[in-house]
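upload.cif, holding mmCIF, C-alpha atoms:
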data_data
loop_
_atom_site.label_atom_id
_atom_site.label_comp_id
_atom_site.auth_asym_id
_atom_site.auth_seq_id
_atom_site.Cartn_x
_atom_site.Cartn_y
_atom_site.Cartn_z
CA MET A 1 4.15 67.05 -6.94
CA THR A 2 5.26 65.47 -10.17
CA LYS A 3 8.44 66.54 -11.89
CA THR A 4 6.39 67.89 -14.78
CA ALA A 5 4.33 70.09 -12.47
CA PHE A 6 7.53 71.25 -10.78
CA ARG A 7 8.89 72.37 -14.13
CA VAL A 8 5.83 74.51 -14.69
CA LEU A 9 6.29 76.19 -11.33
CA LEU A 10 9.94 76.96 -11.95
CA SER A 11 9.82 77.96 -15.61
CA GLY A 12 9.46 81.72 -15.66
CA VAL A 13 6.19 82.19 -13.79
CA ALA A 14 4.34 79.93 -11.41
CA ILE A 15 0.79 79.18 -12.45
CA MET A 16 -2.20 77.33 -11.07
CA SER A 17 -3.86 75.19 -13.74
CA LEU A 18 -7.43 74.01 -13.98
CA GLN A 19 -6.19 70.43 -13.60
CA ALA A 20 -4.14 71.23 -10.51
CA ALA A 21 -6.95 73.15 -8.88
CA GLN A 22 -9.41 70.35 -9.65
CA ALA A 23 -7.00 67.88 -8.08
CA ILE A 24 -6.77 70.04 -4.96
CA ASP A 25 -10.51 70.60 -4.86
CA ASN A 26 -11.24 66.93 -5.65
CA ASP A 27 -14.98 67.15 -5.01
CA PRO A 28 -16.76 64.15 -6.60
CA GLY A 29 -19.92 66.21 -6.84
CA LYS A 30 -18.45 68.73 -9.26
CA GLY A 31 -18.10 68.58 -13.02
CA LYS A 32 -20.35 67.01 -15.60
CA LYS A 33 -21.30 63.39 -15.18
CA THR A 34 -22.20 61.13 -18.05
CA LYS A 35 -24.91 58.51 -17.80
CA ALA A 36 -23.21 55.57 -19.43
CA PRO A 37 -25.40 54.01 -22.12
CA LYS A 38 -23.43 50.79 -21.82
CA GLU A 39 -20.25 49.76 -20.02
CA ASN A 40 -17.39 49.47 -22.51
CA VAL A 41 -14.37 49.56 -20.18
CA THR A 42 -13.27 46.90 -17.70
CA VAL A 43 -10.32 47.51 -15.40
CA ALA A 44 -9.24 44.32 -13.63
CA ILE A 45 -6.72 44.82 -10.83
CA ASP A 46 -4.77 41.96 -9.26
CA LEU A 47 -3.58 43.04 -5.80
CA SER A 48 -2.10 39.71 -4.75
CA GLY A 49 1.45 41.07 -5.01
CA LEU A 50 0.77 44.14 -2.84
CA SER A 51 3.28 44.42 0.01
CA TYR A 52 0.80 45.83 2.53
CA PRO A 53 -2.86 45.26 3.51
CA ALA A 54 -5.24 47.37 1.42
CA GLU A 55 -8.66 48.70 2.35
CA LYS A 56 -9.87 50.32 -0.88
CA VAL A 57 -8.92 50.97 -4.47
CA PHE A 58 -9.96 54.25 -6.10
CA PHE A 59 -10.43 54.83 -9.83
CA THR A 60 -10.72 58.47 -10.91
CA TYR A 61 -10.28 60.65 -13.95
CA TYR A 62 -11.02 64.21 -14.99
CA ASN A 63 -11.07 65.25 -18.65
CA SER A 64 -10.14 68.94 -18.48
CA LEU A 65 -11.37 69.55 -22.03
CA THR A 66 -14.81 67.93 -21.88
CA LYS A 67 -15.19 68.53 -18.10
CA VAL A 68 -16.23 64.90 -17.58
CA ARG A 69 -15.31 63.60 -14.14
CA TYR A 70 -15.46 60.03 -12.83
CA ASN A 71 -14.89 58.77 -9.28
CA ASP A 72 -15.38 55.25 -7.98
CA SER A 73 -13.96 53.02 -5.27
CA ILE A 74 -14.13 49.34 -4.29
CA VAL A 75 -13.41 47.71 -0.94
CA VAL A 76 -10.65 45.11 -1.21
CA GLY A 77 -11.77 41.61 -0.23
CA ASN A 78 -9.86 38.47 0.69
CA GLU A 79 -9.59 37.45 -2.98
CA LYS A 80 -7.37 40.52 -3.67
CA GLN A 81 -9.09 41.07 -7.02
CA VAL A 82 -10.85 44.31 -7.91
CA VAL A 83 -12.83 45.01 -11.09
CA PHE A 84 -14.14 48.39 -12.24
CA LYS A 85 -16.61 48.70 -15.11
CA THR A 86 -17.50 52.00 -16.73
CA TRP A 87 -18.03 53.77 -20.06
CA LEU A 88 -15.72 56.01 -22.08
CA ASP A 89 -16.36 57.93 -25.29
CA GLU A 90 -12.61 58.51 -25.82
CA PRO A 91 -9.29 57.56 -24.18
CA VAL A 92 -8.57 59.50 -20.99
CA LEU A 93 -5.71 59.82 -18.50
CA GLY A 94 -6.80 58.75 -15.02
CA GLN A 95 -5.55 57.52 -11.68
CA LEU A 96 -5.66 54.32 -9.67
CA ARG A 97 -4.94 54.69 -5.96
CA VAL A 98 -4.70 52.15 -3.15
CA GLU A 99 -5.75 53.16 0.34
CA PRO A 100 -3.92 51.08 2.99
CA ALA A 101 -5.86 49.32 5.73
CA GLU A 102 -3.41 50.66 8.31
CA LYS A 103 -3.39 54.44 8.25
CA LYS A 104 -0.03 56.05 8.93
CA THR A 105 0.24 59.03 11.26
CA PRO A 106 1.97 61.90 9.44
CA VAL A 107 5.36 62.83 10.85
CA LYS A 108 5.73 66.56 11.43
CA GLY A 109 7.34 68.17 8.41
CA GLN A 110 6.81 65.11 6.21
CA ARG A 111 4.06 64.28 3.73
CA ILE A 112 2.66 60.81 3.26
CA VAL A 113 3.01 59.98 -0.43
CA PRO A 114 -0.09 58.13 -1.72
CA ASP A 115 0.34 54.88 -3.63
CA ASN A 116 -1.11 55.71 -7.02
CA LEU A 117 -0.61 55.09 -10.72
CA SER A 118 -1.47 57.20 -13.76
CA VAL A 119 -3.08 55.09 -16.47
CA PHE A 120 -4.35 56.05 -19.92
CA PHE A 121 -7.70 54.26 -20.07
CA GLU A 122 -9.55 53.30 -23.24
CA GLN A 123 -12.38 51.00 -24.32
CA GLY A 124 -11.82 47.27 -23.75
CA LYS A 125 -10.39 45.18 -20.92
CA ILE A 126 -7.37 46.60 -19.11
CA ASN A 127 -5.40 44.41 -16.71
CA VAL A 128 -3.34 45.86 -13.87
CA LEU A 129 -0.92 43.49 -12.15
CA VAL A 130 0.27 44.99 -8.87
CA LYS A 131 3.77 44.17 -7.74
CA ASP A 132 4.88 45.54 -4.34
CA SER A 133 2.76 48.67 -4.87
CA ILE A 134 0.31 49.94 -7.45
CA LYS A 135 2.74 52.63 -8.57
CA ASN A 136 4.96 49.80 -9.84
CA ALA A 137 2.11 47.84 -11.43
CA ALA A 138 2.22 46.43 -14.97
CA VAL A 139 -0.62 47.55 -17.26
CA SER A 140 -1.76 45.59 -20.30
CA GLY A 141 -4.69 45.81 -22.70
CA SER A 142 -4.44 49.56 -23.37
CA LYS A 143 -2.62 50.78 -26.47
CA ALA A 144 -3.22 54.31 -25.22
CA HIS A 145 -1.31 53.56 -22.02
CA GLN A 146 1.67 52.14 -23.91
CA GLU A 147 1.80 55.24 -26.11
CA TYR A 148 1.57 57.41 -22.98
CA LEU A 149 4.51 55.54 -21.41
CA ASP A 150 6.51 56.06 -24.60
CA ILE A 151 5.98 59.82 -24.40
CA LYS A 152 6.79 59.86 -20.67
CA SER A 153 10.01 57.96 -21.33
CA GLN A 154 11.13 60.50 -23.92
CA VAL A 155 10.37 63.39 -21.54
CA ALA A 156 12.26 61.62 -18.73
CA ASP A 157 15.42 61.75 -20.85
CA TYR A 158 15.58 65.45 -20.00
CA ASP A 159 15.26 64.93 -16.23
CA PRO A 160 19.01 65.10 -15.52
CA ALA A 161 19.29 68.46 -17.28
CA PHE A 162 16.29 69.78 -15.36
CA ALA A 163 17.73 68.52 -12.07
CA VAL A 164 20.87 70.60 -12.62
CA LEU A 165 18.83 73.70 -13.44
CA TYR A 166 16.55 73.20 -10.42
CA GLU A 167 19.60 72.99 -8.16
CA GLN A 168 21.05 76.16 -9.67
CA SER A 169 17.71 77.96 -9.27
CA SER A 170 17.48 76.89 -5.63
CA GLN A 171 21.00 78.11 -4.95
CA HIS A 172 20.32 81.49 -6.58
CA ARG A 173 17.20 81.90 -4.41
CA LYS A 174 19.18 81.14 -1.26
CA GLU A 175 21.77 83.72 -2.28
CA LYS A 176 19.04 86.18 -3.33
CA ASP A 177 20.69 86.40 -6.73
CA GLU A 178 17.75 87.61 -8.83
CA ALA A 179 19.79 87.98 -12.02
CA GLY A 180 21.13 84.45 -11.72
CA GLU A 181 17.71 82.99 -11.00
CA LYS A 182 16.19 84.87 -13.94
CA LEU A 183 18.85 83.43 -16.26
CA VAL A 184 18.18 79.89 -15.03
CA ARG A 185 14.45 80.35 -15.51
CA LYS A 186 15.08 81.29 -19.13
CA GLN A 187 17.15 78.12 -19.53
CA ILE A 188 14.31 76.07 -18.03
CA ASP A 189 11.85 77.69 -20.42
CA SER A 190 14.17 76.91 -23.32
CA LEU A 191 14.47 73.27 -22.27
CA ASN A 192 10.68 73.00 -22.00
CA ASP A 193 10.47 74.42 -25.54
CA VAL A 194 12.85 71.72 -26.72
CA ILE A 195 10.58 69.05 -25.19
CA ARG A 196 7.54 70.55 -26.88
CA GLU A 197 9.22 70.42 -30.27
CA LYS A 198 11.30 67.23 -30.03
CA VAL A 199 8.88 65.09 -28.02
CA TYR A 200 5.26 66.24 -28.34
CA LYS A 201 5.33 67.79 -31.82
CA ALA A 202 7.56 65.02 -33.16
CA TYR A 203 5.17 62.43 -31.73
CA ILE A 204 2.18 64.05 -33.42
CA LYS A 205 4.06 64.20 -36.74
CA THR A 206 4.74 60.47 -36.67
CA LYS A 207 1.66 59.08 -34.89
CA GLY A 208 -0.92 61.88 -34.79
CA LYS A 209 -3.07 60.41 -37.56
CA GLN A 210 -4.54 57.74 -35.30
CA SER A 211 -2.85 57.79 -31.90
CA PRO A 212 -5.27 57.51 -28.96
CA VAL A 213 -3.11 59.96 -27.00
CA ALA A 214 -2.60 62.52 -29.78
CA ILE A 215 -4.83 65.13 -28.12
CA TYR A 216 -2.90 64.65 -24.86
CA ALA A 217 0.36 65.27 -26.76
CA LEU A 218 -1.15 68.31 -28.46
CA SER A 219 -2.31 69.72 -25.11
CA GLN A 220 1.20 69.32 -23.72
CA TYR A 221 2.65 70.98 -26.80
CA SER A 222 0.28 73.95 -26.77
CA GLY A 223 0.36 74.68 -23.03
CA TYR A 224 -2.35 76.60 -21.21
CA ALA A 225 -2.39 79.68 -23.44
CA ILE A 226 -2.65 78.60 -27.08
CA ASP A 227 -0.60 80.36 -29.74
CA ALA A 228 -2.83 79.65 -32.75
CA ASP A 229 -0.09 80.31 -35.30
CA LYS A 230 2.04 77.55 -33.74
CA VAL A 231 -0.66 75.13 -32.65
CA GLU A 232 -3.07 75.10 -35.60
CA PRO A 233 -0.53 73.59 -38.07
CA VAL A 234 0.20 70.83 -35.54
CA TYR A 235 -3.53 70.22 -35.01
CA ALA A 236 -3.82 69.84 -38.79
CA LEU A 237 -1.52 66.78 -38.56
CA LEU A 238 -4.16 64.84 -36.60
CA GLY A 239 -6.24 62.23 -38.37
CA PRO A 240 -10.03 62.63 -38.86
CA ALA A 241 -10.86 60.09 -36.14
CA VAL A 242 -8.76 61.98 -33.59
CA LYS A 243 -10.22 65.36 -34.60
CA ASN A 244 -13.74 63.96 -34.24
CA THR A 245 -13.31 62.83 -30.63
CA PRO A 246 -15.06 65.05 -28.06
CA SER A 247 -11.69 66.49 -27.00
CA GLY A 248 -10.60 66.94 -30.60
CA LYS A 249 -13.68 69.02 -31.39
CA ILE A 250 -13.20 71.13 -28.27
CA PHE A 251 -9.54 71.70 -29.11
CA LYS A 252 -10.53 73.01 -32.54
CA GLN A 253 -12.80 75.53 -30.81
CA ARG A 254 -9.97 76.52 -28.46
CA ILE A 255 -7.79 77.34 -31.45
CA ALA A 256 -10.60 79.45 -32.92
CA THR A 257 -10.90 81.33 -29.63
CA ALA A 258 -7.13 81.89 -29.58
CA ARG A 259 -7.41 83.41 -33.07
CA GLN A 260 -10.14 85.70 -31.82
CA LEU A 261 -7.93 86.80 -28.90
CA ALA A 262 -4.72 87.36 -30.88
CA ILE A 263 -2.62 90.50 -30.49
CA GLY A 264 -4.29 93.32 -32.40
CA LYS A 265 -7.79 91.87 -32.09
CA PRO A 266 -10.51 93.62 -30.06
CA ALA A 267 -11.13 92.02 -26.68
CA ILE A 268 -14.33 89.99 -26.42
CA PRO A 269 -16.99 92.15 -24.73
CA PHE A 270 -18.46 91.02 -21.41
CA SER A 271 -20.22 92.22 -18.30
CA GLN A 272 -20.02 90.78 -14.79
CA ALA A 273 -21.01 91.86 -11.28
CA ASP A 274 -18.54 93.68 -9.04
CA THR A 275 -18.11 93.16 -5.29
CA SER A 276 -21.35 95.04 -4.57
CA GLY A 277 -23.34 93.13 -7.19
CA THR A 278 -23.39 95.97 -9.73
CA PRO A 279 -22.81 94.87 -13.36
CA VAL A 280 -19.57 96.19 -14.86
CA SER A 281 -18.99 96.06 -18.62
CA LEU A 282 -15.63 95.95 -20.34
CA ALA A 283 -16.89 98.67 -22.68
CA SER A 284 -17.05 101.11 -19.75
CA PHE A 285 -13.23 101.15 -19.64
CA LYS A 286 -12.83 102.50 -23.17
CA GLY A 287 -10.40 105.42 -23.21
CA LYS A 288 -8.02 103.73 -20.75
CA TYR A 289 -5.29 101.14 -21.00
CA VAL A 290 -6.73 98.14 -19.14
CA LEU A 291 -5.02 95.07 -17.72
CA ILE A 292 -7.63 92.28 -17.56
CA ASP A 293 -6.26 90.17 -14.72
CA PHE A 294 -7.58 86.62 -14.13
CA TRP A 295 -6.81 85.46 -10.59
CA ALA A 296 -8.37 83.98 -7.41
CA SER A 297 -7.89 84.19 -3.66
CA TRP A 298 -7.03 80.45 -3.50
CA CYS A 299 -4.34 80.72 -6.19
CA GLY A 300 -0.88 80.93 -4.60
CA PRO A 301 0.94 82.04 -7.78
CA CYS A 302 -1.68 84.77 -8.28
CA ARG A 303 -1.18 86.10 -4.76
CA ALA A 304 2.58 86.05 -5.30
CA GLU A 305 2.18 88.11 -8.49
CA ASN A 306 -0.24 90.62 -6.96
CA PRO A 307 2.49 92.91 -5.54
CA ASN A 308 3.84 93.40 -9.07
CA VAL A 309 0.40 94.35 -10.35
CA VAL A 310 -0.10 96.70 -7.39
CA ALA A 311 3.24 98.40 -8.10
CA ALA A 312 2.34 98.86 -11.78
CA PHE A 313 -1.09 100.21 -10.91
CA GLN A 314 0.27 102.70 -8.38
CA GLN A 315 2.90 103.90 -10.83
CA TYR A 316 0.60 104.41 -13.82
CA LYS A 317 -2.94 104.85 -12.48
CA ASN A 318 -2.74 108.59 -13.19
CA LYS A 319 -1.66 107.97 -16.78
CA ASP A 320 -4.86 106.42 -18.16
CA PHE A 321 -4.02 102.93 -16.89
CA THR A 322 -6.16 100.68 -14.70
CA VAL A 323 -6.71 97.02 -13.83
CA LEU A 324 -9.88 94.94 -14.06
CA GLY A 325 -9.65 91.89 -11.81
CA ILE A 326 -11.70 88.81 -12.72
CA SER A 327 -11.75 86.29 -9.89
CA LEU A 328 -12.26 82.56 -10.24
CA ASP A 329 -13.22 82.19 -6.60
CA ARG A 330 -15.52 79.38 -5.54
CA PRO A 331 -19.30 79.51 -4.98
CA GLY A 332 -20.18 80.65 -1.49
CA GLN A 333 -16.73 82.08 -0.82
CA LYS A 334 -17.25 85.76 -1.49
CA ASP A 335 -15.74 86.52 1.90
CA LYS A 336 -12.41 84.98 0.86
CA TRP A 337 -12.45 86.94 -2.39
CA LEU A 338 -13.06 90.23 -0.55
CA LYS A 339 -10.46 89.45 2.11
CA ALA A 340 -7.81 88.77 -0.54
CA ILE A 341 -8.64 92.08 -2.26
CA HIS A 342 -8.23 93.89 1.05
CA ASP A 343 -5.14 91.98 2.24
CA ASP A 344 -3.29 92.41 -1.06
CA GLN A 345 -4.41 96.06 -1.43
CA LEU A 346 -5.90 95.57 -4.88
CA ASP A 347 -7.41 99.02 -5.26
CA TRP A 348 -9.08 98.59 -8.64
CA THR A 349 -12.36 97.24 -10.02
CA HIS A 350 -13.08 93.56 -9.36
CA VAL A 351 -15.77 91.32 -10.84
CA SER A 352 -16.74 87.67 -10.42
CA ASP A 353 -19.71 85.33 -10.64
CA LEU A 354 -18.05 83.08 -8.01
CA GLN A 355 -18.29 80.01 -10.21
CA PHE A 356 -14.69 78.78 -9.88
CA TRP A 357 -13.40 77.49 -13.26
CA ASP A 358 -16.91 77.93 -14.70
CA ASN A 359 -16.60 81.71 -14.45
CA GLU A 360 -18.37 82.91 -17.59
CA VAL A 361 -15.67 85.41 -18.56
CA ALA A 362 -12.92 82.85 -17.97
CA LYS A 363 -14.72 80.40 -20.25
CA LEU A 364 -15.23 83.13 -22.85
CA TYR A 365 -11.46 83.78 -22.82
CA ASP A 366 -10.53 80.06 -22.61
CA ILE A 367 -8.67 80.48 -19.32
CA LYS A 368 -7.19 77.13 -18.25
CA ALA A 369 -4.60 78.43 -15.78
CA ILE A 370 -4.11 81.50 -13.60
CA PRO A 371 -2.67 84.06 -13.25
CA GLN A 372 -3.26 85.18 -16.83
CA ASN A 373 -3.78 88.67 -18.19
CA LEU A 374 -4.39 90.73 -21.31
CA LEU A 375 -3.39 94.36 -21.81
CA LEU A 376 -5.82 96.45 -23.87
CA ASP A 377 -5.24 99.81 -25.51
CA LYS A 378 -7.67 102.71 -25.24
CA GLU A 379 -9.80 101.28 -28.05
CA GLY A 380 -10.11 97.91 -26.36
CA LYS A 381 -7.66 96.07 -28.63
CA ILE A 382 -5.29 93.45 -27.22
CA ILE A 383 -1.70 94.74 -27.28
CA ALA A 384 0.01 92.27 -24.91
CA LYS A 385 -0.73 89.00 -23.12
CA ASN A 386 0.54 87.36 -19.95
CA ILE A 387 3.04 90.05 -19.00
CA ARG A 388 4.20 89.83 -15.39
CA GLY A 389 6.82 91.17 -13.03
CA GLU A 390 9.46 93.30 -14.70
CA GLU A 391 7.92 92.71 -18.13
CA LEU A 392 4.62 94.29 -17.01
CA THR A 393 6.35 97.43 -15.75
CA ALA A 394 8.62 97.64 -18.79
CA THR A 395 5.68 97.29 -21.21
CA LEU A 396 3.70 100.01 -19.46
CA ALA A 397 6.74 102.28 -19.35
CA GLU A 398 7.20 101.90 -23.11
CA ILE A 399 3.56 102.76 -23.74
CA LEU A 400 2.84 105.43 -21.15
CA GLU A 401 6.11 107.30 -20.62
#
Starting from the file, lay out its structure as structure tokens.
Amino acid sequence: MTKTAFRVLLSGVAIMSLQAAQAIDNDPGKGKKTKAPKENVTVAIDLSGLSYPAEKVFFTYYNSLTKVRYNDSIVVGNEKQVVFKTWLDEPVLGQLRVEPAEKKTPVKGQRIVPDNLSVFFEQGKINVLVKDSIKNAAVSGSKAHQEYLDIKSQVADYDPAFAVLYEQSSQHRKEKDEAGEKLVRKQIDSLNDVIREKVYKAYIKTKGKQSPVAIYALSQYSGYAIDADKVEPVYALLGPAVKNTPSGKIFKQRIATARQLAIGKPAIPFSQADTSGTPVSLASFKGKYVLIDFWASWCGPCRAENPNVVAAFQQYKNKDFTVLGISLDRPGQKDKWLKAIHDDQLDWTHVSDLQFWDNEVAKLYDIKAIPQNLLLDKEGKIIAKNIRGEELTATLAEILE
């Protein structure tokens, strides 16, 4: 787990993102595949400095905005040179990974850390000179990668402060000091906010007109749930060429969707099948306060949050409050969805089309991470978003008591 991912888990509420779930799922057969009209990217990798025998090199990327996925691998020969050729319509963050010829046997309680390197790929020839390992390789020929490293370096300046907070959070958990841990989580959230403003927003202000990684910086600034009032002015700082990339166009649509789903707006109507296959419409819940809860049986943070939702439901189900669960479970895994409902005692209406991140309602609501939720009033208007734990109970108490 990267330090950045660790921050997300510790800051306030743990979430499972589309990117993280795709990385876990890692099925080359999923996602849209482009038929390259002509190769415009060459990645030349010199493995002569590698400190161990290698069997294969893997080149992968997944663009979470356009849903384009690429997977390829090459067997390493005696010449220790590997060349990938492909096609890109915009710069994209990807991974290079070396698979050793000698497989290590995992030691109980320890995880074998793969030798990989994140690279921002773009059109042209990119050279990767491996030193002792690919994670320490030098990359040249990609302006996008150099800009990416610049951003990473600025974020890394905050690592010591995060390390202190992580240690404090861990200690509070050991001592079961909920108040102390809650305070530290707020401090972590605040520090993440500082990074968003001083690193990602500042970068876009100075280089957003033409930077090949501007959309990446904007995505980091906006997070999984876009606040249109904050994000749209920053998007406006991007240059025309950046806005007209495939990801730039999609991001504009995401902002429009966020506007449509702002507090006070009516929820977008939908209908989806319940556990018995019967269509259930959102309109059928009119006259009740409804928590639309996006989750999945495979999502650890969702399962950890479920007891809080159960407690809120049990406390207020007789006061015109209910929950509508929308599951992002995988195709062919209805049994796991049903088992999770039963095991977690989720005694409310559940719907799903079992299409994983392609769930039609999730796409309609631009869900990029779970758990997420929206609280609707009796008229179907959005009155709160992403309220969990104590905040969920407190919000319901204010409304219903």
note = Of A:Thr66, A:Leu149, A:Gln315, A:Asp353, the one nearest to Gly332 of chain A when counting all atoms listed in the file is A:Asp353
Residues matched by the PyMOL selection byres ((chain A and resi 283) around 8), written as an MDAnalysis selection string = chainID A and resid 269:270 281:282 284:286 380
Selection above as a file: C-alpha atoms, as a tab-separated table (two decimals), keeping the file's coordinate frame:
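Generated output (part21.tsv):
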chain	number	residue	atom	x	y	z
A	269	PRO	CA	-16.99	92.15	-24.73
A	270	PHE	CA	-18.46	91.02	-21.41
A	281	SER	CA	-18.99	96.06	-18.62
A	282	LEU	CA	-15.63	95.95	-20.34
A	284	SER	CA	-17.05	101.11	-19.75
A	285	PHE	CA	-13.23	101.15	-19.64
A	286	LYS	CA	-12.83	102.50	-23.17
A	380	GLY	CA	-10.11	97.91	-26.36
key: Selected residue of minimal separation from Leu93 of chain A among A:Leu183, A:Val213, A:Ile387, A:Ala138, counting all atoms listed in the file   = A:Val213
message = Which residues, named as in the file, does the PyMOL selection byres ((chain A and resi 191) around 12) pick out? Answer as a PyMOL selection string.
response = chain A and resi 7-8+10-12+155+157-165+184-190+192-199
To verify the selection step, state as a short mmCIF file (atom, residue, chain, number, x, y, z; two decimals) with C-alpha atoms, keeping the file's coordinate frame which residues the PyMOL selection byres ((chain A and resi 120-135) around 6) yields on this input.
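And here's part-v7.cif as it stands now:
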data_model
loop_
_atom_site.label_atom_id
_atom_site.label_comp_id
_atom_site.auth_asym_id
_atom_site.auth_seq_id
_atom_site.Cartn_x
_atom_site.Cartn_y
_atom_site.Cartn_z
CA ASN A 40 -17.39 49.47 -22.51
CA VAL A 41 -14.37 49.56 -20.18
CA THR A 42 -13.27 46.90 -17.70
CA VAL A 43 -10.32 47.51 -15.40
CA ALA A 44 -9.24 44.32 -13.63
CA ILE A 45 -6.72 44.82 -10.83
CA ASP A 46 -4.77 41.96 -9.26
CA LEU A 47 -3.58 43.04 -5.80
CA GLY A 49 1.45 41.07 -5.01
CA LEU A 50 0.77 44.14 -2.84
CA SER A 51 3.28 44.42 0.01
CA PRO A 91 -9.29 57.56 -24.18
CA VAL A 92 -8.57 59.50 -20.99
CA LEU A 93 -5.71 59.82 -18.50
CA ASP A 115 0.34 54.88 -3.63
CA ASN A 116 -1.11 55.71 -7.02
CA LEU A 117 -0.61 55.09 -10.72
CA VAL A 119 -3.08 55.09 -16.47
CA ASN A 136 4.96 49.80 -9.84
CA ALA A 137 2.11 47.84 -11.43
CA ALA A 138 2.22 46.43 -14.97
CA VAL A 139 -0.62 47.55 -17.26
CA SER A 140 -1.76 45.59 -20.30
CA GLY A 141 -4.69 45.81 -22.70
CA SER A 142 -4.44 49.56 -23.37
CA ALA A 144 -3.22 54.31 -25.22
CA HIS A 145 -1.31 53.56 -22.02
#
inquiry  = Excluding Ala340 of chain A and its own-chain neighbours fewer than 3 positions away, which residues fall within 12 Å of it when counting all atoms listed in the file? Please give them as an NGL selection string.
reply    = :A and (295-300 or 302-304 or 306 or 325 or 327 or 329 or 333-337 or 343-347 or 350)
query = Got a sec to check which residues sit within 12 Å of (-9.4, 87.9, -25.7), counting all atoms listed in the file, and write them as a PyMOL selection string?
reply = chain A and resi 225-226+254+256-270+282+291-294+361-367+372-376+380-386
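Neighbouring residues of Val234 of chain A at 8 Å or closer, counting all atoms listed in the file and skipping chain neighbours under 5 positions away, are A:Lys201, A:Ile204, A:Lys205, A:Leu218.
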Using only C-alpha atoms, find each residue in segment 77-118 of chain A having at least one atom no more than 6 Å away from segment 55-61 of chain A; report its shortest atom-to-atom pair and that distance in Å (one decimal), rows by chain then rising number, as a Markdown table.
| residue | atom | partner | partner_atom | distance |
| --- | --- | --- | --- | --- |
| A:Gly94 | CA | A:Tyr61 | CA | 4.1 |
| A:Gln95 | CA | A:Thr60 | CA | 5.3 |
| A:Leu96 | CA | A:Phe59 | CA | 4.8 |
| A:Arg97 | CA | A:Phe58 | CA | 5.0 |
| A:Val98 | CA | A:Val57 | CA | 4.6 |
| A:Glu99 | CA | A:Lys56 | CA | 5.2 |
| A:Pro100 | CA | A:Glu55 | CA | 5.3 |
| A:Ala101 | CA | A:Glu55 | CA | 4.4 |
Limited to C-alpha atoms, could you put the picked residues into a file as a PDB file, keeping the file's coordinate frame?
ATOM      1  CA  GLY A  94      -6.800  58.750 -15.020  1.00  0.00           C
ATOM      2  CA  GLN A  95      -5.550  57.520 -11.680  1.00  0.00           C
ATOM      3  CA  LEU A  96      -5.660  54.320  -9.670  1.00  0.00           C
ATOM      4  CA  ARG A  97      -4.940  54.690  -5.960  1.00  0.00           C
ATOM      5  CA  VAL A  98      -4.700  52.150  -3.150  1.00  0.00           C
ATOM      6  CA  GLU A  99      -5.750  53.160   0.340  1.00  0.00           C
ATOM      7  CA  PRO A 100      -3.920  51.080   2.990  1.00  0.00           C
ATOM      8  CA  ALA A 101      -5.860  49.320   5.730  1.00  0.00           C
TER       9      ALA A 101
END
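One finds atom CA of Val113 of chain A at 22.5 Å from atom CA of Glu167 of chain A.
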Report the centre and edge lengths, in Å to one decimal, of an axis-aligned box enclosing every atom of segment 91-98 of chain A listed in the file, padded by 6 Å on each side, as AutoDock Vina command-line options.
--center_x -7.0 --center_y 56.0 --center_z -13.7 --size_x 16.6 --size_y 19.7 --size_z 33.0
note = re atom CA of Phe84 of chain A and atom CA of Gln146 of chain A: distance 20.0 Å
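Proximity of A:Ala202, A:Ala241, A:Ile255, A:Leu88 to Tyr70 of chain A, computed with all atoms listed in the file, is greatest for A:Leu88.
Environment of (-14.0, 66.8, -28.6): residues at most 12 Å away, judged by only C-alpha atoms, are A:Asn63, A:Ser64, A:Leu65, A:Thr66, A:Lys67, A:Val68, A:Asp89, A:Glu90, A:Pro91, A:Val92, A:Ile215, A:Tyr216, A:Pro240, A:Ala241, A:Val242, A:Lys243, A:Asn244, A:Thr245, A:Pro246, A:Ser247, A:Gly248, A:Lys249, A:Ile250, A:Phe251, A:Lys252, A:Gln253, A:Arg254.
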Atoms kept (C-alpha atoms) for selection, written as a compact mmCIF listing (two decimals), keeping the file's coordinate frame:
# COMPACT_ATOMS: atom_id res chain seq x y z
CA ASN A 63 -11.07 65.25 -18.65
CA SER A 64 -10.14 68.94 -18.48
CA LEU A 65 -11.37 69.55 -22.03
CA THR A 66 -14.81 67.93 -21.88
CA LYS A 67 -15.19 68.53 -18.10
CA VAL A 68 -16.23 64.90 -17.58
CA ASP A 89 -16.36 57.93 -25.29
CA GLU A 90 -12.61 58.51 -25.82
CA PRO A 91 -9.29 57.56 -24.18
CA VAL A 92 -8.57 59.50 -20.99
CA ILE A 215 -4.83 65.13 -28.12
CA TYR A 216 -2.90 64.65 -24.86
CA PRO A 240 -10.03 62.63 -38.86
CA ALA A 241 -10.86 60.09 -36.14
CA VAL A 242 -8.76 61.98 -33.59
CA LYS A 243 -10.22 65.36 -34.60
CA ASN A 244 -13.74 63.96 -34.24
CA THR A 245 -13.31 62.83 -30.63
CA PRO A 246 -15.06 65.05 -28.06
CA SER A 247 -11.69 66.49 -27.00
CA GLY A 248 -10.60 66.94 -30.60
CA LYS A 249 -13.68 69.02 -31.39
CA ILE A 250 -13.20 71.13 -28.27
CA PHE A 251 -9.54 71.70 -29.11
CA LYS A 252 -10.53 73.01 -32.54
CA GLN A 253 -12.80 75.53 -30.81
CA ARG A 254 -9.97 76.52 -28.46
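Atom CA of Gly287 of chain A is found 21.0 Å from atom CA of Ala394 of chain A.
Distances here use all atoms listed in the file; by that measure, the residue among A:Asn308, A:Pro279, A:Glu390, A:Ser219 closest to Glu178 of chain A is A:Glu390.
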ask   = Nearest to Ala54 of chain A among A:Thr278, A:Asn71, A:Thr349, A:Asn78, with distances taken over all atoms listed in the file: which residue is it?
value = A:Asn78
